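Chemist: Sharing final16.tsv (TSV, C-alpha atoms) below.
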```tsv
chain	number	residue	atom	x	y	z
A	126	MET	CA	-18.91	-12.98	-60.11
A	127	ARG	CA	-20.04	-9.92	-58.22
A	128	LEU	CA	-18.58	-9.53	-54.75
A	129	PHE	CA	-20.95	-6.80	-53.66
A	130	SER	CA	-24.65	-6.33	-54.24
A	131	LYS	CA	-26.20	-3.12	-55.49
A	132	TYR	CA	-26.50	-0.26	-53.07
A	133	LYS	CA	-30.10	-0.04	-51.84
A	134	ARG	CA	-30.73	2.50	-49.09
A	135	GLY	CA	-28.16	0.96	-46.82
A	136	PRO	CA	-24.64	-0.41	-46.50
A	137	LEU	CA	-23.13	-2.69	-49.12
A	138	GLU	CA	-23.94	-6.34	-48.56
A	139	ILE	CA	-21.29	-9.00	-49.17
A	140	SER	CA	-22.33	-12.05	-51.19
A	141	ASP	CA	-22.10	-15.56	-49.73
A	142	SER	CA	-19.14	-16.53	-51.92
A	143	ALA	CA	-17.23	-13.38	-50.97
A	144	SER	CA	-18.00	-14.02	-47.30
A	145	VAL	CA	-16.47	-17.51	-47.55
A	146	VAL	CA	-13.34	-16.12	-49.21
A	147	LEU	CA	-12.97	-13.39	-46.57
A	148	ASN	CA	-13.42	-15.90	-43.75
A	149	ILE	CA	-10.68	-18.09	-45.21
A	150	VAL	CA	-8.34	-15.11	-45.67
A	151	PHE	CA	-8.85	-13.82	-42.12
A	152	THR	CA	-8.49	-17.32	-40.69
A	153	VAL	CA	-5.13	-17.69	-42.43
A	154	LEU	CA	-4.04	-14.25	-41.21
A	155	SER	CA	-5.08	-15.12	-37.64
A	156	LEU	CA	-3.13	-18.37	-37.75
A	157	SER	CA	-0.08	-16.55	-39.12
A	158	CYS	CA	-0.25	-14.24	-36.09
A	159	LEU	CA	-0.55	-17.17	-33.68
A	160	LEU	CA	2.34	-19.18	-35.13
A	161	PRO	CA	5.14	-16.96	-33.70
A	162	VAL	CA	3.53	-17.13	-30.25
A	163	LEU	CA	3.19	-20.90	-30.55
A	164	LEU	CA	6.83	-21.15	-31.64
A	165	VAL	CA	7.94	-19.23	-28.54
A	166	TYR	CA	6.03	-21.62	-26.25
A	167	ILE	CA	7.31	-24.74	-28.01
A	168	THR	CA	10.91	-23.49	-28.04
A	169	SER	CA	10.77	-22.84	-24.31
A	170	PHE	CA	10.09	-26.59	-23.85
A	171	THR	CA	12.76	-27.68	-26.35
A	172	ALA	CA	16.10	-29.12	-25.29
A	173	GLU	CA	19.04	-26.81	-25.98
A	174	LYS	CA	20.86	-29.59	-27.87
A	175	SER	CA	17.91	-29.87	-30.25
A	176	ILE	CA	17.93	-26.11	-30.89
A	177	ILE	CA	21.67	-26.12	-31.59
A	178	LYS	CA	21.34	-29.09	-33.95
A	179	ASN	CA	18.09	-28.31	-35.81
A	180	GLY	CA	17.31	-24.69	-35.03
A	181	PHE	CA	13.88	-23.44	-34.00
A	182	SER	CA	11.07	-25.81	-34.93
A	183	LEU	CA	7.39	-26.35	-34.22
A	184	PHE	CA	8.19	-30.07	-33.96
A	185	PRO	CA	11.32	-30.37	-31.82
A	186	GLU	CA	13.40	-33.51	-31.74
A	187	GLN	CA	13.72	-33.49	-27.97
A	188	TRP	CA	11.57	-31.91	-25.25
A	189	SER	CA	12.96	-30.54	-21.99
A	190	LEU	CA	11.93	-28.56	-18.90
A	191	MET	CA	15.52	-27.44	-18.27
A	192	ALA	CA	14.80	-23.82	-19.25
A	193	TYR	CA	12.07	-23.45	-16.63
A	194	LYS	CA	14.09	-25.39	-14.07
A	195	THR	CA	16.97	-22.97	-14.61
A	196	MET	CA	14.66	-19.93	-14.45
A	197	PHE	CA	13.33	-21.08	-11.09
A	198	ASP	CA	16.62	-22.40	-9.76
A	199	GLN	CA	16.20	-20.33	-6.61
A	200	SER	CA	15.04	-21.11	-3.12
A	201	LEU	CA	11.29	-21.59	-2.70
A	202	THR	CA	11.16	-18.63	-0.32
A	203	THR	CA	12.73	-16.31	-2.90
A	204	ILE	CA	10.27	-17.40	-5.59
A	205	ILE	CA	7.24	-16.99	-3.30
A	206	ASN	CA	8.41	-13.55	-2.13
A	207	SER	CA	9.08	-12.47	-5.71
A	208	TYR	CA	5.60	-13.45	-6.84
A	209	LYS	CA	4.04	-11.85	-3.76
A	210	ASN	CA	5.87	-8.57	-4.36
A	211	THR	CA	4.90	-8.58	-8.05
A	212	ILE	CA	1.23	-9.18	-7.27
A	213	ILE	CA	1.17	-6.47	-4.59
A	214	LEU	CA	2.86	-3.96	-6.90
A	215	THR	CA	0.59	-4.77	-9.83
A	216	VAL	CA	-2.68	-4.61	-7.88
A	217	ALA	CA	-1.83	-1.62	-5.66
A	218	GLY	CA	-0.06	0.31	-8.42
A	219	THR	CA	-2.93	-0.14	-10.87
A	220	PHE	CA	-5.62	0.77	-8.34
A	221	PHE	CA	-3.96	3.84	-6.83
A	222	GLY	CA	-2.52	4.90	-10.19
A	223	LEU	CA	-6.00	4.95	-11.73
A	224	LEU	CA	-7.37	6.78	-8.69
A	225	ILE	CA	-4.74	9.53	-8.83
A	226	MET	CA	-4.74	9.97	-12.60
A	227	THR	CA	-8.53	9.99	-12.99
A	228	MET	CA	-8.88	12.63	-10.26
A	229	TYR	CA	-6.18	14.77	-11.89
A	230	ALA	CA	-7.67	14.27	-15.38
A	231	TYR	CA	-11.20	15.05	-14.18
A	232	ALA	CA	-10.04	18.30	-12.60
A	233	ILE	CA	-8.23	19.60	-15.69
A	234	ALA	CA	-11.07	18.42	-17.96
A	235	ARG	CA	-13.47	20.86	-16.25
A	236	LYS	CA	-13.33	24.20	-18.06
A	237	GLU	CA	-14.58	26.13	-15.03
A	238	PHE	CA	-11.69	24.88	-12.87
A	239	THR	CA	-9.46	27.86	-11.99
A	240	PHE	CA	-6.09	26.10	-12.40
A	241	ASN	CA	-7.11	24.14	-15.50
A	242	ARG	CA	-4.44	25.56	-17.82
A	243	VAL	CA	-1.70	25.56	-15.18
A	244	LEU	CA	-2.09	21.89	-14.25
A	245	THR	CA	-2.53	20.87	-17.88
A	246	PHE	CA	0.74	22.60	-18.78
A	247	TYR	CA	2.42	21.02	-15.74
A	248	ALA	CA	1.47	17.52	-16.94
A	249	TYR	CA	2.33	18.25	-20.57
A	250	PHE	CA	5.72	19.80	-19.67
A	251	THR	CA	6.87	16.58	-17.98
A	252	MET	CA	6.19	14.72	-21.23
A	253	LEU	CA	8.74	16.90	-23.04
A	254	PHE	CA	11.42	17.42	-20.39
A	255	SER	CA	12.77	15.16	-17.67
A	256	GLY	CA	15.42	15.52	-15.00
A	257	GLY	CA	17.02	12.28	-16.14
A	258	LEU	CA	18.05	9.06	-14.45
A	259	VAL	CA	20.71	10.56	-12.15
A	260	ALA	CA	18.39	13.28	-10.83
A	261	SER	CA	15.61	10.73	-10.25
A	262	TYR	CA	18.00	8.46	-8.36
A	263	ILE	CA	19.22	11.29	-6.11
A	264	ILE	CA	15.68	12.48	-5.37
A	265	ASN	CA	14.35	8.99	-4.60
A	266	THR	CA	17.29	7.95	-2.42
A	267	ASN	CA	18.72	11.09	-0.76
A	268	VAL	CA	15.62	13.30	-0.56
A	269	TYR	CA	12.75	10.85	-0.12
A	270	GLY	CA	14.81	8.03	1.41
A	271	LEU	CA	13.01	5.32	-0.56
A	272	ARG	CA	15.97	3.05	-1.27
A	273	ASP	CA	15.38	-0.58	-0.29
A	274	THR	CA	11.67	-0.02	0.29
A	275	ILE	CA	8.72	-1.22	-1.73
A	276	TRP	CA	7.59	2.42	-2.09
A	277	VAL	CA	10.36	3.14	-4.60
A	278	LEU	CA	8.85	0.47	-6.85
A	279	LEU	CA	5.28	1.67	-6.33
A	280	LEU	CA	5.19	5.47	-6.23
A	281	PRO	CA	7.19	6.61	-9.33
A	282	GLY	CA	4.88	4.84	-11.78
A	283	MET	CA	1.55	5.93	-10.36
A	284	ALA	CA	1.07	9.15	-12.33
A	285	GLY	CA	2.03	9.13	-16.00
A	286	ALA	CA	1.61	12.40	-17.90
A	287	TYR	CA	0.62	10.66	-21.13
A	288	ASN	CA	-2.08	8.62	-19.39
A	289	ILE	CA	-3.42	11.75	-17.70
A	290	ILE	CA	-3.71	13.56	-21.03
A	291	VAL	CA	-5.50	10.56	-22.55
A	292	LEU	CA	-7.98	10.44	-19.65
A	293	ARG	CA	-8.51	14.20	-19.80
A	294	THR	CA	-9.32	13.98	-23.51
A	295	PHE	CA	-11.73	11.13	-22.86
A	296	PHE	CA	-13.51	13.03	-20.07
A	297	SER	CA	-13.75	16.15	-22.25
A	298	ASN	CA	-15.21	14.29	-25.24
A	299	ALA	CA	-17.52	11.91	-23.36
A	300	GLY	CA	-20.47	14.33	-23.52
A	301	THR	CA	-20.94	14.55	-19.75
A	302	GLU	CA	-21.62	18.29	-19.51
A	303	SER	CA	-25.41	17.84	-19.39
A	304	LEU	CA	-25.11	15.06	-16.81
A	305	ILE	CA	-22.83	17.19	-14.63
A	306	GLU	CA	-25.18	20.18	-14.86
A	307	ALA	CA	-28.15	17.99	-13.94
A	308	ALA	CA	-26.26	16.52	-10.99
A	309	LYS	CA	-25.32	20.00	-9.76
A	310	ILE	CA	-28.96	21.08	-9.93
A	311	ASP	CA	-29.82	18.06	-7.78
A	312	GLY	CA	-27.18	19.20	-5.26
A	313	ALA	CA	-24.38	16.76	-6.02
A	314	GLY	CA	-20.84	17.81	-5.14
A	315	GLU	CA	-17.72	17.34	-7.24
A	316	PHE	CA	-16.62	14.12	-5.53
A	317	ARG	CA	-20.07	12.59	-5.94
A	318	ILE	CA	-20.15	13.59	-9.62
A	319	TYR	CA	-16.68	12.12	-10.10
A	320	TYR	CA	-17.50	8.86	-8.31
A	321	GLN	CA	-21.10	8.21	-9.41
A	322	ILE	CA	-21.17	9.74	-12.91
A	323	ILE	CA	-17.70	10.09	-14.43
A	324	LEU	CA	-16.14	6.78	-13.36
A	325	PRO	CA	-19.07	4.48	-14.35
A	326	ILE	CA	-19.24	5.86	-17.90
A	327	SER	CA	-15.43	5.78	-18.28
A	328	LYS	CA	-14.93	2.02	-18.08
A	329	PRO	CA	-13.35	1.75	-21.58
A	330	ALA	CA	-10.74	4.39	-20.73
A	331	LEU	CA	-10.15	2.95	-17.25
A	332	ALA	CA	-9.72	-0.56	-18.66
A	333	THR	CA	-7.23	0.65	-21.27
A	334	ILE	CA	-5.10	2.72	-18.89
A	335	GLY	CA	-5.44	0.05	-16.20
A	336	LEU	CA	-4.06	-2.57	-18.58
A	337	PHE	CA	-1.11	-0.32	-19.45
A	338	LEU	CA	-0.39	0.23	-15.75
A	339	SER	CA	-0.69	-3.43	-14.81
A	340	ILE	CA	1.66	-4.50	-17.62
A	341	ALA	CA	4.17	-1.83	-16.58
A	342	TYR	CA	4.13	-2.91	-12.93
A	343	PHE	CA	4.14	-6.63	-13.72
A	344	SER	CA	7.11	-6.24	-16.08
A	345	SER	CA	9.06	-3.91	-13.78
A	346	TRP	CA	12.62	-4.98	-13.04
A	347	PHE	CA	14.86	-1.97	-13.77
A	348	ASN	CA	13.87	-0.08	-10.60
A	349	VAL	CA	14.66	-3.18	-8.57
A	350	LEU	CA	18.11	-3.26	-10.18
A	351	MET	CA	18.68	0.40	-9.31
A	352	TYR	CA	17.22	0.74	-5.83
A	353	ILE	CA	16.82	-2.68	-4.19
A	354	ASP	CA	19.49	-4.74	-2.42
A	355	ASP	CA	17.16	-6.73	-0.16
A	356	ARG	CA	16.30	-10.10	-1.75
A	357	ASN	CA	12.93	-10.06	0.03
A	358	LEU	CA	11.86	-7.13	-2.19
A	359	TRP	CA	12.77	-8.68	-5.53
A	360	THR	CA	10.06	-8.97	-8.17
A	361	ILE	CA	9.64	-12.10	-10.27
A	362	GLN	CA	10.76	-10.28	-13.40
A	363	TYR	CA	14.00	-9.12	-11.78
A	364	MET	CA	14.67	-12.62	-10.47
A	365	LEU	CA	14.24	-14.04	-13.98
A	366	GLN	CA	16.38	-11.29	-15.54
A	367	ARG	CA	19.10	-11.95	-12.97
A	368	THR	CA	19.04	-15.68	-13.76
A	369	MET	CA	19.29	-14.91	-17.48
A	370	ARG	CA	22.30	-12.65	-16.89
A	371	GLU	CA	24.01	-15.38	-14.86
A	372	ILE	CA	23.51	-17.82	-17.75
A	373	GLN	CA	24.99	-15.31	-20.21
A	374	THR	CA	27.93	-14.70	-17.87
A	375	LEU	CA	28.74	-18.43	-17.77
A	376	ILE	CA	28.42	-18.77	-21.54
A	377	ASN	CA	30.69	-15.77	-22.22
A	378	ASP	CA	33.35	-16.80	-19.68
A	379	PRO	CA	36.24	-18.32	-21.75
A	380	ASP	CA	37.98	-19.85	-18.72
A	381	PHE	CA	34.81	-21.63	-17.59
A	382	ALA	CA	34.03	-22.81	-21.12
A	383	ALA	CA	37.59	-24.20	-21.51
A	384	SER	CA	37.37	-26.32	-18.37
A	385	GLU	CA	36.09	-29.89	-18.53
A	386	GLU	CA	33.33	-29.17	-16.03
A	387	GLY	CA	32.30	-26.06	-17.94
A	388	MET	CA	32.13	-27.89	-21.26
A	389	LEU	CA	29.85	-30.55	-19.79
A	390	LEU	CA	27.64	-27.98	-18.12
A	391	LEU	CA	27.33	-25.76	-21.19
A	392	LEU	CA	26.04	-28.69	-23.24
A	393	ASP	CA	22.90	-28.83	-21.08
A	394	LEU	CA	22.74	-25.19	-20.00
A	395	PRO	CA	19.76	-23.54	-21.75
A	396	ASN	CA	20.37	-20.30	-23.59
A	397	GLU	CA	17.87	-19.81	-26.41
A	398	SER	CA	15.23	-21.91	-24.65
A	399	ALA	CA	15.78	-19.89	-21.46
A	400	LYS	CA	15.15	-16.66	-23.39
A	401	MET	CA	11.90	-18.12	-24.70
A	402	ALA	CA	10.94	-19.31	-21.22
A	403	LEU	CA	11.53	-15.80	-19.91
A	404	THR	CA	9.29	-14.44	-22.69
A	405	VAL	CA	6.57	-16.99	-21.88
A	406	LEU	CA	6.59	-16.16	-18.18
A	407	SER	CA	6.39	-12.44	-19.01
A	408	MET	CA	3.59	-12.50	-21.58
A	409	THR	CA	1.33	-15.31	-20.32
A	410	PRO	CA	-0.43	-13.23	-17.61
A	411	VAL	CA	-1.10	-10.50	-20.20
A	412	LEU	CA	-2.57	-13.06	-22.63
A	413	LEU	CA	-4.80	-14.42	-19.87
A	414	PHE	CA	-6.20	-11.03	-18.83
A	415	TYR	CA	-6.47	-9.43	-22.27
A	416	PRO	CA	-9.76	-11.16	-23.26
A	417	TYR	CA	-11.43	-9.57	-20.23
A	418	PHE	CA	-10.32	-6.06	-21.25
A	419	GLN	CA	-11.04	-6.60	-24.95
A	420	LYS	CA	-14.76	-5.85	-24.65
A	421	TYR	CA	-13.90	-2.45	-23.17
A	422	PHE	CA	-11.49	-1.72	-26.03
A	423	ILE	CA	-14.23	-2.51	-28.54
A	424	LYS	CA	-16.68	-0.33	-26.64
A	425	GLY	CA	-14.13	2.49	-26.60
A	426	LEU	CA	-13.75	2.30	-30.38
A	427	THR	CA	-17.51	2.64	-30.90
A	428	LEU	CA	-18.08	5.21	-28.17
A	429	GLY	CA	-17.81	8.15	-30.53
A	430	ALA	CA	-19.92	6.65	-33.32
A	431	VAL	CA	-22.77	8.73	-34.66
A	432	LYS	CA	-26.16	7.13	-34.24
A	433	GLY	CA	-28.38	7.03	-37.27
```
As C-alpha cells - that is how I would like this structure written.

Modeler:
Amino acid sequence: MRLFSKYKRGPLEISDSASVVLNIVFTVLSLSCLLPVLLVYITSFTAEKSIIKNGFSLFPEQWSLMAYKTMFDQSLTTIINSYKNTIILTVAGTFFGLLIMTMYAYAIARKEFTFNRVLTFYAYFTMLFSGGLVASYIINTNVYGLRDTIWVLLLPGMAGAYNIIVLRTFFSNAGTESLIEAAKIDGAGEFRIYYQIILPISKPALATIGLFLSIAYFSSWFNVLMYIDDRNLWTIQYMLQRTMREIQTLINDPDFAASEEGMLLLLDLPNESAKMALTVLSMTPVLLFYPYFQKYFIKGLTLGAVKG
C-alpha cells in the first residue's frame, strides 16, 4: 500500500488510508498529553486517605473537597484582597510592560537611531550579568523605598531584557522599512509610526510576550515573600504557597504528629491532594486564556513564510 501519491507539480498528497492512520496516531498522542492534566485535576478532588491507600488514580475510591477547603482556609477578606491584588498586578504589569518594552525595542530596531548600539548593549549586558538578590533587595528597599508597597511587585518585572531582544528582532525582520519610509513621506512622526503602523502588525509578538508577562505576574509569590509584610498586599499565589508551607510544617512536626489530636488531624489533612489543588489553581487561568492567544502563535509561525 502506497502512503504517498506521485509527485505532480505540487506537494505530496497523503492517501485516504494514510490519513486515517495519522489521525488515529495524533488522537492517541493528544490523549496521552491530556491524561497527566486530567490526573492532576482528579487527584485534587481525591480524599487523602484514598491516595495513601491506593495511590494516584483516574478513578478514586473517595472524593473530597478538603484540599480546596484547606487552600482557602483564610478569611473572606484575605481571599478577596489576594485575588484583587493578583488581577491588578497581572493586568497593569502586562499592559505597561508591553508599552515600555515595545517602545524600547522599536527604538533600538531603527538603524538610524543614534544610540542604537549603546541601548542594545545595555539590554544585552543585563542578560549576562546581574547584581544579585542582595543588591536588588537593598536597591528596592533602601534606595527606592518600595518595601510594603504594590510598586515593588509591579515595577521590577516590567522590562525584561530577553523580551526586549525578541521584540527588537521581530521589528527588524517584519519588513516595515517601506511602510515607515512611506509614513515619513506623508509627514508621520515617530510616535504615530509606532502606534499606527508597528503595533498593529506586531500582534503575534505582542500576544506571545504578553502571555509570558501575564503568567509571570499571575504566578508571582517570591517578591511578596521578600518585600511584603502587609496582609492586604498578598497575592493569591503567595497565600496558597503559605498555606502549603503550613501544611508541610504540621506534617513534619514530630511532637504534633505524636499527639492524639495531631494523629487525628493528620489523617484528614491533605498533602498530595493539596499540592495538586495548588497546581490546578495556578494553571487553570493559563489554560483558559491560551486558546485566545493560540491564533497569534500560529500567525507568528507563518509570518516569515515565503509566498509562492

Chemist: Rank nothing, just name the residue among A:Pro325, A:Gly312, A:Gly285, A:Pro395 nearest to A:Ala230, using all atoms listed in the file.

Modeler: A:Gly285

Chemist: Counting all atoms listed in the file, what is within 12 Å of stretch 185-201 of chain A, bar same-chain residues fewer than 4 positions away, as an MDAnalysis selection string?

Modeler: chainID A and resid 164 166:181 205:208 356:357 361:372 392:406

Chemist: Using atom CA of A:Ala143 and atom CA of A:Gln419 as the two end points, give the distance in Å to one decimal.

Modeler: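 Straight-line distance from atom CA of A:Ala143 to atom CA of A:Gln419 works out to 27.6 Å.
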
Chemist: List as a PyMOL selection string the protein and nucleic acid residues near stretch 220-226 of chain A, meaning an atom at most 8 Å away when all atoms listed in the file are counted, but skip any in the same chain fewer than 4 places from it.

Modeler: chain A and resi 216+230+282-285+288-289+292+331+334-335+338

Chemist: Suppose you want the space between atom CA of A:Ile323 and atom CA of A:Ser297; what is it in Å?

Modeler: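 Taking atom CA of A:Ile323 and atom CA of A:Ser297, their separation equals 10.7 Å.
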
Chemist: At what distance in Å, to one decimal, does atom CA of A:Thr245 lie from atom CA of A:Ile233?

Modeler: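 Atom CA of A:Ile233 sits 6.2 Å away from atom CA of A:Thr245.
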
Chemist: Hey, which of A:Asn148, A:Ser327, A:Gln321, A:Thr203 ends up closest to A:Ile305? Count all atoms listed in the file.

Modeler: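 Among A:Asn148, A:Ser327, A:Gln321, A:Thr203, it is A:Gln321 that comes nearest to A:Ile305.
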
Chemist: May I ask which of the residues A:Val349, A:Ile322, A:Leu244, A:Leu358 is the closest one to A:Thr202, counting only C-alpha atoms?

Modeler: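 Of the candidates, the smallest distance to A:Thr202 is held by A:Leu358.
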
Chemist: Can you work out which one of A:Leu183, A:Met351, A:Ala286, A:Ala308 has the shortest atom-to-atom distance to A:Pro161, counting all atoms listed in the file?

Modeler: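 Nearest candidate to A:Pro161 out of A:Leu183, A:Met351, A:Ala286, A:Ala308: A:Leu183.
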
Chemist: Taking all atoms listed in the file into account, name the residue in A:Val291, A:Thr409, A:Thr333, A:Phe418 that is nearest to A:Val165.

Modeler: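 Of the candidates, the smallest distance to A:Val165 is held by A:Thr409.
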